[in-house]
file my_file-v1.cif (mmCIF, C-alpha atoms and all ligand atoms)
data_upload
#
loop_
_atom_site.group_PDB
_atom_site.id
_atom_site.type_symbol
_atom_site.label_atom_id
_atom_site.label_comp_id
_atom_site.auth_asym_id
_atom_site.auth_seq_id
_atom_site.Cartn_x
_atom_site.Cartn_y
_atom_site.Cartn_z
ATOM 1 C CA MET N 322 34.269 -4.861 -15.247
ATOM 2 C CA THR N 323 30.802 -3.470 -14.542
ATOM 3 C CA ASN N 324 28.534 -5.180 -12.062
ATOM 4 C CA PRO N 325 25.183 -5.807 -13.864
ATOM 5 C CA ALA N 326 23.255 -5.633 -10.575
ATOM 6 C CA ALA N 327 24.714 -2.203 -9.820
ATOM 7 C CA THR N 328 23.790 -0.810 -13.233
ATOM 8 C CA GLN N 329 20.271 -2.298 -13.270
ATOM 9 C CA ARG N 330 17.534 0.317 -13.458
ATOM 10 C CA LYS N 331 15.705 0.712 -10.153
ATOM 11 C CA LEU N 332 11.943 0.255 -9.953
ATOM 12 C CA ARG N 333 10.425 3.728 -10.243
ATOM 13 C CA LEU N 334 7.628 4.365 -7.757
ATOM 14 C CA GLY N 335 4.769 6.816 -8.028
ATOM 15 C CA ILE N 336 3.290 7.270 -4.568
ATOM 16 C CA LEU N 337 -0.228 8.617 -4.057
ATOM 17 C CA ALA N 338 -1.320 9.870 -0.652
ATOM 18 C CA SER N 339 -4.096 11.905 0.914
ATOM 19 C CA GLY N 340 -2.939 12.281 4.506
ATOM 20 C CA GLY N 341 -0.019 12.362 6.906
ATOM 21 C CA GLY N 342 2.193 10.097 4.847
ATOM 22 C CA SER N 343 3.737 7.835 7.493
ATOM 23 C CA ASN N 344 3.662 4.943 5.004
ATOM 24 C CA LEU N 345 5.320 7.189 2.435
ATOM 25 C CA GLN N 346 7.974 7.972 5.068
ATOM 26 C CA SER N 347 8.679 4.279 5.679
ATOM 27 C CA ILE N 348 9.259 3.832 1.929
ATOM 28 C CA ILE N 349 11.458 6.957 1.733
ATOM 29 C CA ASP N 350 13.542 5.645 4.650
ATOM 30 C CA ARG N 351 14.017 2.189 3.077
ATOM 31 C CA CYS N 352 14.955 3.685 -0.291
ATOM 32 C CA GLN N 353 17.466 5.930 1.452
ATOM 33 C CA ASN N 354 19.075 3.200 3.555
ATOM 34 C CA GLY N 355 19.328 0.874 0.556
ATOM 35 C CA SER N 356 17.089 -1.910 1.906
ATOM 36 C CA LEU N 357 14.560 -1.187 -0.846
ATOM 37 C CA ALA N 358 15.853 -1.363 -4.415
ATOM 38 C CA ALA N 359 13.506 1.283 -5.735
ATOM 39 C CA GLU N 360 13.404 5.023 -6.248
ATOM 40 C CA ILE N 361 10.522 7.411 -5.731
ATOM 41 C CA ALA N 362 9.942 9.174 -9.051
ATOM 42 C CA LEU N 363 6.933 11.233 -7.963
ATOM 43 C CA VAL N 364 4.665 11.804 -4.967
ATOM 44 C CA ILE N 365 1.139 12.971 -5.712
ATOM 45 C CA ALA N 366 -1.349 14.174 -3.114
ATOM 46 C CA ASN N 367 -4.988 14.958 -3.854
ATOM 47 C CA VAL N 368 -5.344 17.127 -0.741
ATOM 48 C CA PRO N 369 -3.583 20.510 -0.614
ATOM 49 C CA GLY N 370 -1.370 20.746 2.481
ATOM 50 C CA ALA N 371 -1.282 16.971 3.032
ATOM 51 C CA GLY N 372 1.508 15.969 5.415
ATOM 52 C CA ALA N 373 2.725 13.524 2.764
ATOM 53 C CA LEU N 374 3.723 16.467 0.530
ATOM 54 C CA GLU N 375 5.758 17.989 3.332
ATOM 55 C CA ARG N 376 7.551 14.691 3.960
ATOM 56 C CA ALA N 377 8.265 14.301 0.227
ATOM 57 C CA ASN N 378 9.559 17.877 -0.059
ATOM 58 C CA SER N 379 11.825 17.384 2.958
ATOM 59 C CA ALA N 380 13.280 14.316 1.244
ATOM 60 C CA GLY N 381 13.889 16.335 -1.935
ATOM 61 C CA LEU N 382 11.382 14.310 -3.990
ATOM 62 C CA ALA N 383 9.348 15.518 -6.963
ATOM 63 C CA THR N 384 5.781 16.306 -5.888
ATOM 64 C CA ARG N 385 2.467 17.251 -7.441
ATOM 65 C CA CYS N 386 -0.709 18.293 -5.713
ATOM 66 C CA ILE N 387 -3.667 17.369 -7.898
ATOM 67 C CA ASP N 388 -6.773 18.429 -6.020
ATOM 68 C CA HIS N 389 -9.676 16.150 -6.947
ATOM 69 C CA LYS N 390 -12.068 18.992 -6.117
ATOM 70 C CA SER N 391 -10.853 20.885 -9.206
ATOM 71 C CA PHE N 392 -12.195 18.169 -11.509
ATOM 72 C CA ASN N 393 -15.761 17.528 -12.596
ATOM 73 C CA ASP N 394 -15.540 13.757 -12.474
ATOM 74 C CA ARG N 395 -13.357 10.868 -11.379
ATOM 75 C CA GLN N 396 -12.191 9.993 -14.919
ATOM 76 C CA THR N 397 -10.857 13.475 -15.635
ATOM 77 C CA PHE N 398 -9.036 13.538 -12.305
ATOM 78 C CA ASP N 399 -7.591 10.064 -12.949
ATOM 79 C CA ARG N 400 -6.451 11.073 -16.451
ATOM 80 C CA GLU N 401 -4.484 13.960 -14.969
ATOM 81 C CA VAL N 402 -2.907 11.700 -12.344
ATOM 82 C CA VAL N 403 -2.060 9.021 -14.942
ATOM 83 C CA ALA N 404 -0.459 11.637 -17.229
ATOM 84 C CA ALA N 405 1.729 12.886 -14.349
ATOM 85 C CA LEU N 406 2.785 9.334 -13.424
ATOM 86 C CA GLN N 407 3.547 8.420 -17.031
ATOM 87 C CA SER N 408 5.602 11.515 -17.672
ATOM 88 C CA ALA N 409 7.626 10.712 -14.532
ATOM 89 C CA GLY N 410 8.349 7.234 -15.956
ATOM 90 C CA VAL N 411 6.637 5.404 -13.091
ATOM 91 C CA ASP N 412 6.705 1.575 -13.121
ATOM 92 C CA LEU N 413 4.659 0.892 -9.986
ATOM 93 C CA VAL N 414 1.885 2.978 -8.444
ATOM 94 C CA VAL N 415 1.819 2.782 -4.651
ATOM 95 C CA LEU N 416 -1.341 3.955 -2.904
ATOM 96 C CA ALA N 417 -0.262 5.028 0.570
ATOM 97 C CA GLY N 418 -3.311 6.290 2.422
ATOM 98 C CA PHE N 419 -4.863 7.488 -0.834
ATOM 99 C CA MET N 420 -8.548 7.954 -0.113
ATOM 100 C CA ARG N 421 -9.910 7.916 -3.656
ATOM 101 C CA ILE N 422 -11.365 5.052 -5.646
ATOM 102 C CA ILE N 423 -9.356 4.212 -8.751
ATOM 103 C CA SER N 424 -11.313 4.262 -12.032
ATOM 104 C CA ALA N 425 -10.979 2.000 -15.086
ATOM 105 C CA VAL N 426 -8.907 4.717 -16.821
ATOM 106 C CA PHE N 427 -6.253 4.333 -14.138
ATOM 107 C CA LEU N 428 -6.346 0.514 -14.028
ATOM 108 C CA LYS N 429 -5.957 0.307 -17.792
ATOM 109 C CA ALA N 430 -2.913 2.589 -17.750
ATOM 110 C CA PHE N 431 -1.111 0.503 -15.067
ATOM 111 C CA PRO N 432 -2.370 -3.086 -15.368
ATOM 112 C CA GLN N 433 -1.283 -5.140 -12.299
ATOM 113 C CA ARG N 434 1.005 -2.230 -11.471
ATOM 114 C CA ILE N 435 -1.014 -0.568 -8.719
ATOM 115 C CA ILE N 436 -0.807 -1.689 -5.089
ATOM 116 C CA ASN N 437 -2.626 -0.538 -1.978
ATOM 117 C CA ILE N 438 -2.285 -0.885 1.775
ATOM 118 C CA HIS N 439 -5.360 -1.349 3.914
ATOM 119 C CA PRO N 440 -5.508 -1.293 7.731
ATOM 120 C CA ALA N 441 -7.498 -4.530 8.181
ATOM 121 C CA LEU N 442 -7.178 -8.215 7.445
ATOM 122 C CA LEU N 443 -8.982 -8.317 4.117
ATOM 123 C CA PRO N 444 -11.489 -9.496 3.060
ATOM 124 C CA ALA N 445 -12.763 -8.457 6.501
ATOM 125 C CA PHE N 446 -13.570 -4.777 6.834
ATOM 126 C CA PRO N 447 -12.969 -3.133 3.467
ATOM 127 C CA GLY N 448 -13.686 0.593 3.103
ATOM 128 C CA LEU N 449 -13.344 3.280 5.745
ATOM 129 C CA HIS N 450 -13.162 3.484 9.584
ATOM 130 C CA VAL N 451 -12.072 -0.116 9.658
ATOM 131 C CA GLN N 452 -10.353 -0.163 13.046
ATOM 132 C CA LYS N 453 -13.641 0.949 14.646
ATOM 133 C CA LYS N 454 -15.514 -1.689 12.637
ATOM 134 C CA ALA N 455 -13.065 -4.371 13.843
ATOM 135 C CA LEU N 456 -13.535 -3.303 17.479
ATOM 136 C CA ASP N 457 -17.322 -3.059 17.155
ATOM 137 C CA TYR N 458 -17.441 -6.521 15.608
ATOM 138 C CA GLY N 459 -15.337 -7.950 18.447
ATOM 139 C CA VAL N 460 -12.661 -9.680 16.369
ATOM 140 C CA LYS N 461 -9.657 -10.964 18.323
ATOM 141 C CA PHE N 462 -7.214 -10.291 15.500
ATOM 142 C CA SER N 463 -6.979 -7.460 13.025
ATOM 143 C CA GLY N 464 -4.005 -6.312 10.989
ATOM 144 C CA CYS N 465 -3.120 -4.923 7.606
ATOM 145 C CA THR N 466 -3.000 -6.060 4.004
ATOM 146 C CA VAL N 467 -1.022 -5.095 0.907
ATOM 147 C CA HIS N 468 -2.845 -6.063 -2.279
ATOM 148 C CA PHE N 469 -2.905 -5.454 -6.000
ATOM 149 C CA VAL N 470 -5.649 -3.028 -6.952
ATOM 150 C CA ASP N 471 -8.485 -4.243 -9.165
ATOM 151 C CA GLY N 472 -11.863 -2.764 -10.045
ATOM 152 C CA GLY N 473 -13.382 -3.327 -6.573
ATOM 153 C CA VAL N 474 -12.924 -1.618 -3.236
ATOM 154 C CA ASP N 475 -10.033 -3.370 -1.411
ATOM 155 C CA THR N 476 -10.664 -6.598 -3.339
ATOM 156 C CA GLY N 477 -7.488 -7.315 -5.358
ATOM 157 C CA PRO N 478 -5.110 -10.281 -4.915
ATOM 158 C CA ILE N 479 -3.308 -10.214 -1.566
ATOM 159 C CA ILE N 480 0.485 -9.904 -1.481
ATOM 160 C CA ILE N 481 1.249 -9.791 2.254
ATOM 161 C CA GLN N 482 -0.639 -9.454 5.524
ATOM 162 C CA ALA N 483 0.342 -8.775 9.134
ATOM 163 C CA VAL N 484 -1.807 -10.005 12.011
ATOM 164 C CA VAL N 485 -2.252 -7.690 14.998
ATOM 165 C CA PRO N 486 -4.030 -9.012 18.105
ATOM 166 C CA VAL N 487 -6.896 -6.898 19.423
ATOM 167 C CA LEU N 488 -6.578 -6.193 23.147
ATOM 168 C CA ASP N 489 -9.536 -5.830 25.523
ATOM 169 C CA THR N 490 -8.213 -2.389 26.430
ATOM 170 C CA ASP N 491 -7.917 -1.196 22.811
ATOM 171 C CA THR N 492 -9.497 1.970 21.516
ATOM 172 C CA GLU N 493 -9.749 2.796 17.815
ATOM 173 C CA GLU N 494 -6.593 4.912 18.219
ATOM 174 C CA THR N 495 -4.430 2.354 20.040
ATOM 175 C CA LEU N 496 -5.389 -0.413 17.617
ATOM 176 C CA ALA N 497 -4.777 1.852 14.598
ATOM 177 C CA ALA N 498 -1.337 2.797 15.967
ATOM 178 C CA ARG N 499 -0.241 -0.831 16.388
ATOM 179 C CA ILE N 500 -1.554 -1.724 12.924
ATOM 180 C CA LEU N 501 0.264 1.276 11.412
ATOM 181 C CA GLN N 502 3.578 0.040 12.832
ATOM 182 C CA GLU N 503 3.106 -3.198 10.883
ATOM 183 C CA GLU N 504 2.049 -1.306 7.745
ATOM 184 C CA HIS N 505 5.447 0.370 7.819
ATOM 185 C CA ARG N 506 7.087 -3.082 7.744
ATOM 186 C CA ILE N 507 4.967 -4.934 5.190
ATOM 187 C CA TYR N 508 4.609 -2.211 2.534
ATOM 188 C CA PRO N 509 8.361 -1.892 1.825
ATOM 189 C CA LYS N 510 8.613 -5.712 1.816
ATOM 190 C CA ALA N 511 5.840 -6.011 -0.815
ATOM 191 C CA ILE N 512 7.523 -3.370 -2.971
ATOM 192 C CA GLN N 513 10.871 -5.137 -2.645
ATOM 193 C CA LEU N 514 9.294 -8.419 -3.831
ATOM 194 C CA ILE N 515 7.949 -6.594 -6.892
ATOM 195 C CA ALA N 516 11.311 -4.896 -7.474
ATOM 196 C CA GLU N 517 12.883 -8.363 -7.497
ATOM 197 C CA SER N 518 10.185 -9.607 -9.950
ATOM 198 C CA ARG N 519 9.356 -12.375 -7.500
ATOM 199 C CA LEU N 520 5.542 -12.210 -7.592
ATOM 200 C CA ARG N 521 3.298 -14.301 -9.838
ATOM 201 C CA VAL N 522 -0.478 -13.907 -9.712
ATOM 202 C CA HIS N 523 -2.375 -17.142 -10.252
ATOM 203 C CA GLU N 524 -6.144 -16.532 -10.138
ATOM 204 C CA ARG N 525 -6.506 -14.863 -6.710
ATOM 205 C CA ARG N 526 -3.284 -16.194 -5.232
ATOM 206 C CA VAL N 527 -0.048 -14.234 -5.262
ATOM 207 C CA LEU N 528 2.866 -16.672 -5.252
ATOM 208 C CA ILE N 529 6.470 -15.842 -4.399
ATOM 209 C CA GLU N 530 9.274 -17.265 -6.513
ATOM 210 C CA PRO N 531 11.478 -18.765 -5.339
ATOM 211 C CA PRO N 532 9.047 -19.774 -2.547
ATOM 212 C CA VAL N 533 9.586 -18.668 1.034
ATOM 213 C CA GLU N 534 8.823 -20.903 3.975
ATOM 214 C CA SER N 535 5.928 -19.522 6.039
ATOM 215 C CA SER N 536 5.421 -20.531 9.669
ATOM 216 C CA PRO N 537 2.501 -22.981 10.027
ATOM 217 C CA THR N 538 2.125 -22.082 13.756
ATOM 218 C CA PRO N 539 -1.459 -21.008 14.540
ATOM 219 C CA LEU N 540 -2.026 -17.872 16.643
ATOM 220 C CA HIS N 541 -4.492 -17.690 19.537
ATOM 221 C CA ASN N 542 -6.016 -14.695 21.245
ATOM 222 C CA PRO N 543 -6.628 -15.083 24.145
ATOM 223 C CA PRO N 544 -3.713 -17.521 24.452
ATOM 224 C CA LEU N 545 -4.305 -21.207 25.165
ATOM 225 C CA ASP N 546 -3.214 -22.566 28.581
HETATM 226 C C1 LIG J 1 -3.020 3.990 6.749
HETATM 227 O O1 LIG J 1 -3.479 3.331 7.906
HETATM 228 C C2 LIG J 1 -3.521 3.265 5.514
HETATM 229 O O2 LIG J 1 -3.561 1.865 5.660
HETATM 230 C C3 LIG J 1 -4.908 3.817 5.401
HETATM 231 O O3 LIG J 1 -4.753 5.196 5.667
HETATM 232 C C4 LIG J 1 -3.673 5.358 6.593
HETATM 233 C C5 LIG J 1 -2.727 6.375 6.013
HETATM 234 O O4 LIG J 1 -1.727 6.694 6.933
HETATM 235 N N1 LIG J 1 -5.473 3.597 4.094
HETATM 236 C C6 LIG J 1 -6.735 3.329 3.889
HETATM 237 O O5 LIG J 1 -7.565 3.270 4.775
HETATM 238 C C7 LIG J 1 -7.091 3.086 2.428
HETATM 239 N N2 LIG J 1 -8.416 2.593 2.325
HETATM 240 P P1 LIG J 1 -0.425 7.468 6.472
HETATM 241 O O6 LIG J 1 -0.894 8.697 5.681
HETATM 242 O O7 LIG J 1 0.235 7.861 7.759
HETATM 243 O O8 LIG J 1 0.398 6.540 5.642
#
call {"tool": "encode", "arguments": {"input": "my_file-v1.cif", "output": "structure tokens"}}
result
Amino acid sequence: MTNPAATQRKLRLGILASGGGSNLQSIIDRCQNGSLAAEIALVIANVPGAGALERANSAGLATRCIDHKSFNDRQTFDREVVAALQSAGVDLVVLAGFMRIISAVFLKAFPQRIINIHPALLPAFPGLHVQKKALDYGVKFSGCTVHFVDGGVDTGPIIIQAVVPVLDTDTEETLAARILQEEHRIYPKAIQLIAESRLRVHERRVLIEPPVESSPTPLHNPPLD
């Protein structure tokens, strides 16, 4: 007798990256060790020589480098990326350190099927250089956010967040490194929830079904006596 779970088609991921690809690596590792029920159909980088391409090649994954500089405008670049993702049969587009804004062409091709990770506790500090902005502002907590992508910059419905305390001794680099460690934990978890079809978006709220019990314990930084 065949096991239906074993024969079920895995969620096919298209991963877009611009840089070193440590988030890509965390997804590769989880797919390989079986804790993430998904497969990486294609990795696309928009920067020639991006570390993400090297990581993908080492893992034996299909890759494309689509250099945005070879295109006259954002739409034409996005059309090329969308065509590559569609021909690879991608179900979910995962932006993993992809430093380009997604146009309407892209959103229309993958409605509610594009997710992003951002190294701050949105809606605080969208955009770039956000660890420096968090330090300059003097927040006591920062963190990271996985969200669905909509037409704004880092504005879509939030799937999961991790809170990272800011230390008095932190520099941009030390804070970024601690946030990155949490990115590597929450991104695979968000993808797994999607692979299990457990997310429902109601207005701005992303609900998990069946519900999970979250801890109601508040966090304090500095700690209370
Ligand atoms: C990560 O910190 C990711 O959150 C951030 O770029 C870094 C990529 O690191 N993304 C953004 O800032 C998107 N606005 P990685 O290449 O090692 O995964």
call {"tool": "residues_near_ligand", "arguments": {"input": "my_file-v1.cif", "ligand": "ligand LIG 1 (chain J)", "cutoff": "8 Å", "atoms": "all atoms listed in the file", "output": "ChimeraX atom specification"}}
result
/N:338-346,372-373,416-420,437-441,447-451,465,475,497,500-501,504
call {"tool": "residues_around", "arguments": {"input": "my_file-v1.cif", "residues": "N:Lys390", "least_positions_apart": "3", "cutoff": "12 Å", "atoms": "all atoms listed in the file", "output": "list in words"}}
result
Asn367, Val368, Pro369, Cys386, Ile387, Asn393, Asp394, Arg395, Thr397, Phe398 and Arg421 of chain N
call {"tool": "resolve_selection", "arguments": {"input": "my_file-v1.cif", "expression": "the PyMOL selection byres (((chain N and resi 359) around 12) and not hetatm)", "output": "PDB file with C-alpha atoms, in the coordinates of the input"}}
result
ATOM      1  CA  GLN N 329      20.271  -2.298 -13.270  1.00  0.00           C
ATOM      2  CA  ARG N 330      17.534   0.317 -13.458  1.00  0.00           C
ATOM      3  CA  LYS N 331      15.705   0.712 -10.153  1.00  0.00           C
ATOM      4  CA  LEU N 332      11.943   0.255  -9.953  1.00  0.00           C
ATOM      5  CA  ARG N 333      10.425   3.728 -10.243  1.00  0.00           C
ATOM      6  CA  LEU N 334       7.628   4.365  -7.757  1.00  0.00           C
ATOM      7  CA  GLY N 335       4.769   6.816  -8.028  1.00  0.00           C
ATOM      8  CA  ILE N 336       3.290   7.270  -4.568  1.00  0.00           C
ATOM      9  CA  ILE N 348       9.259   3.832   1.929  1.00  0.00           C
ATOM     10  CA  ILE N 349      11.458   6.957   1.733  1.00  0.00           C
ATOM     11  CA  ASP N 350      13.542   5.645   4.650  1.00  0.00           C
ATOM     12  CA  ARG N 351      14.017   2.189   3.077  1.00  0.00           C
ATOM     13  CA  CYS N 352      14.955   3.685  -0.291  1.00  0.00           C
ATOM     14  CA  GLN N 353      17.466   5.930   1.452  1.00  0.00           C
ATOM     15  CA  ASN N 354      19.075   3.200   3.555  1.00  0.00           C
ATOM     16  CA  GLY N 355      19.328   0.874   0.556  1.00  0.00           C
ATOM     17  CA  SER N 356      17.089  -1.910   1.906  1.00  0.00           C
ATOM     18  CA  LEU N 357      14.560  -1.187  -0.846  1.00  0.00           C
ATOM     19  CA  ALA N 358      15.853  -1.363  -4.415  1.00  0.00           C
ATOM     20  CA  GLU N 360      13.404   5.023  -6.248  1.00  0.00           C
ATOM     21  CA  ILE N 361      10.522   7.411  -5.731  1.00  0.00           C
ATOM     22  CA  ALA N 362       9.942   9.174  -9.051  1.00  0.00           C
ATOM     23  CA  VAL N 411       6.637   5.404 -13.091  1.00  0.00           C
ATOM     24  CA  ASP N 412       6.705   1.575 -13.121  1.00  0.00           C
ATOM     25  CA  LEU N 413       4.659   0.892  -9.986  1.00  0.00           C
ATOM     26  CA  VAL N 415       1.819   2.782  -4.651  1.00  0.00           C
ATOM     27  CA  PRO N 509       8.361  -1.892   1.825  1.00  0.00           C
ATOM     28  CA  LYS N 510       8.613  -5.712   1.816  1.00  0.00           C
ATOM     29  CA  ALA N 511       5.840  -6.011  -0.815  1.00  0.00           C
ATOM     30  CA  ILE N 512       7.523  -3.370  -2.971  1.00  0.00           C
ATOM     31  CA  GLN N 513      10.871  -5.137  -2.645  1.00  0.00           C
ATOM     32  CA  LEU N 514       9.294  -8.419  -3.831  1.00  0.00           C
ATOM     33  CA  ILE N 515       7.949  -6.594  -6.892  1.00  0.00           C
ATOM     34  CA  ALA N 516      11.311  -4.896  -7.474  1.00  0.00           C
ATOM     35  CA  GLU N 517      12.883  -8.363  -7.497  1.00  0.00           C
TER      36      GLU N 517
END
call {"tool": "closest_residue", "arguments": {"input": "my_file-v1.cif", "among": "N:Val522, N:Leu363, N:Ser424, N:Asp489", "to": "N:Asp471", "atoms": "only C-alpha atoms"}}
result
N:Ser424
call {"tool": "closest_residue", "arguments": {"input": "my_file-v1.cif", "among": "N:Val414, N:Leu456, N:Leu528, N:Val474", "to": "N:Glu494", "atoms": "only C-alpha atoms"}}
result
N:Leu456
call {"tool": "atom_distance", "arguments": {"input": "my_file-v1.cif", "atom1": "atom CA of N:Leu337", "atom2": "atom CA of N:Ile480"}}
result
18.7 Å
call {"tool": "closest_residue", "arguments": {"input": "my_file-v1.cif", "among": "N:Ser347, N:Ser463, N:Thr384, N:Ser391", "to": "N:Ala371", "atoms": "only C-alpha atoms"}}
result
N:Thr384
call {"tool": "axis_aligned_box", "arguments": {"input": "my_file-v1.cif", "around": "stretch 391-400 of chain N", "padding_each_side": "4 Å", "output": "AutoDock Vina command-line options"}}
result
--center_x -11.1 --center_y 15.4 --center_z -12.8 --size_x 17.3 --size_y 18.9 --size_z 15.2
call {"tool": "atom_distance", "arguments": {"input": "my_file-v1.cif", "atom1": "atom CA of N:Pro444", "atom2": "atom CA of N:Ala483"}}
result
13.3 Å
call {"tool": "atom_distance", "arguments": {"input": "my_file-v1.cif", "atom1": "atom CA of N:Ile507", "atom2": "atom CA of N:Thr495"}}
result
19.0 Å
call {"tool": "residues_around", "arguments": {"input": "my_file-v1.cif", "residues": "N:Glu401", "least_positions_apart": "4", "cutoff": "10 Å", "atoms": "only C-alpha atoms", "output": "NGL selection string"}}
result
:N and (387 or 389 or 392 or 396-397 or 405-407 or 427)
call {"tool": "closest_residue", "arguments": {"input": "my_file-v1.cif", "among": "N:Ser518, N:Thr466, N:Ser408, N:Gln452", "to": "N:Asp491", "atoms": "all atoms listed in the file"}}
result
N:Gln452
call {"tool": "residues_around", "arguments": {"input": "my_file-v1.cif", "residues": "N:Asn542", "least_positions_apart": "3", "cutoff": "12 Å", "atoms": "all atoms listed in the file", "output": "JSON, numbers by chain"}}
result
{"N": [459, 460, 461, 462, 463, 484, 485, 486, 487, 488, 489, 539, 545, 546]}
call {"tool": "write_last_selection", "arguments": {"input": "my_file-v1.cif", "atoms": "C-alpha atoms", "output": "JSON list (two decimals), in the coordinates of the input"}}
result
[["chain", "number", "residue", "atom", "x", "y", "z"],
["N", 459, "GLY", "CA", -15.34, -7.95, 18.45],
["N", 460, "VAL", "CA", -12.66, -9.68, 16.37],
["N", 461, "LYS", "CA", -9.66, -10.96, 18.32],
["N", 462, "PHE", "CA", -7.21, -10.29, 15.50],
["N", 463, "SER", "CA", -6.98, -7.46, 13.02],
["N", 484, "VAL", "CA", -1.81, -10.01, 12.01],
["N", 485, "VAL", "CA", -2.25, -7.69, 15.00],
["N", 486, "PRO", "CA", -4.03, -9.01, 18.10],
["N", 487, "VAL", "CA", -6.90, -6.90, 19.42],
["N", 488, "LEU", "CA", -6.58, -6.19, 23.15],
["N", 489, "ASP", "CA", -9.54, -5.83, 25.52],
["N", 539, "PRO", "CA", -1.46, -21.01, 14.54],
["N", 545, "LEU", "CA", -4.30, -21.21, 25.16],
["N", 546, "ASP", "CA", -3.21, -22.57, 28.58]]
call {"tool": "closest_residue", "arguments": {"input": "my_file-v1.cif", "among": "N:Val403, N:Val467, N:Lys454, N:Gly370", "to": "N:Asp388", "atoms": "all atoms listed in the file"}}
result
N:Gly370
call {"tool": "residues_around", "arguments": {"input": "my_file-v1.cif", "residues": "N:Ala383", "least_positions_apart": "2", "cutoff": "8 Å", "atoms": "only C-alpha atoms", "output": "short mmCIF file (atom, residue, chain, number, x, y, z; two decimals) with C-alpha atoms, in the coordinates of the input"}}
result
data_model
loop_
_atom_site.label_atom_id
_atom_site.label_comp_id
_atom_site.auth_asym_id
_atom_site.auth_seq_id
_atom_site.Cartn_x
_atom_site.Cartn_y
_atom_site.Cartn_z
CA ALA N 362 9.94 9.17 -9.05
CA LEU N 363 6.93 11.23 -7.96
CA VAL N 364 4.66 11.80 -4.97
CA ALA N 377 8.26 14.30 0.23
CA ASN N 378 9.56 17.88 -0.06
CA GLY N 381 13.89 16.34 -1.94
CA ARG N 385 2.47 17.25 -7.44
#
call {"tool": "closest_residue", "arguments": {"input": "my_file-v1.cif", "among": "N:Ile435, N:Leu382, N:Ile422, N:Ala430", "to": "N:Arg400", "atoms": "all atoms listed in the file"}}
result
N:Ala430
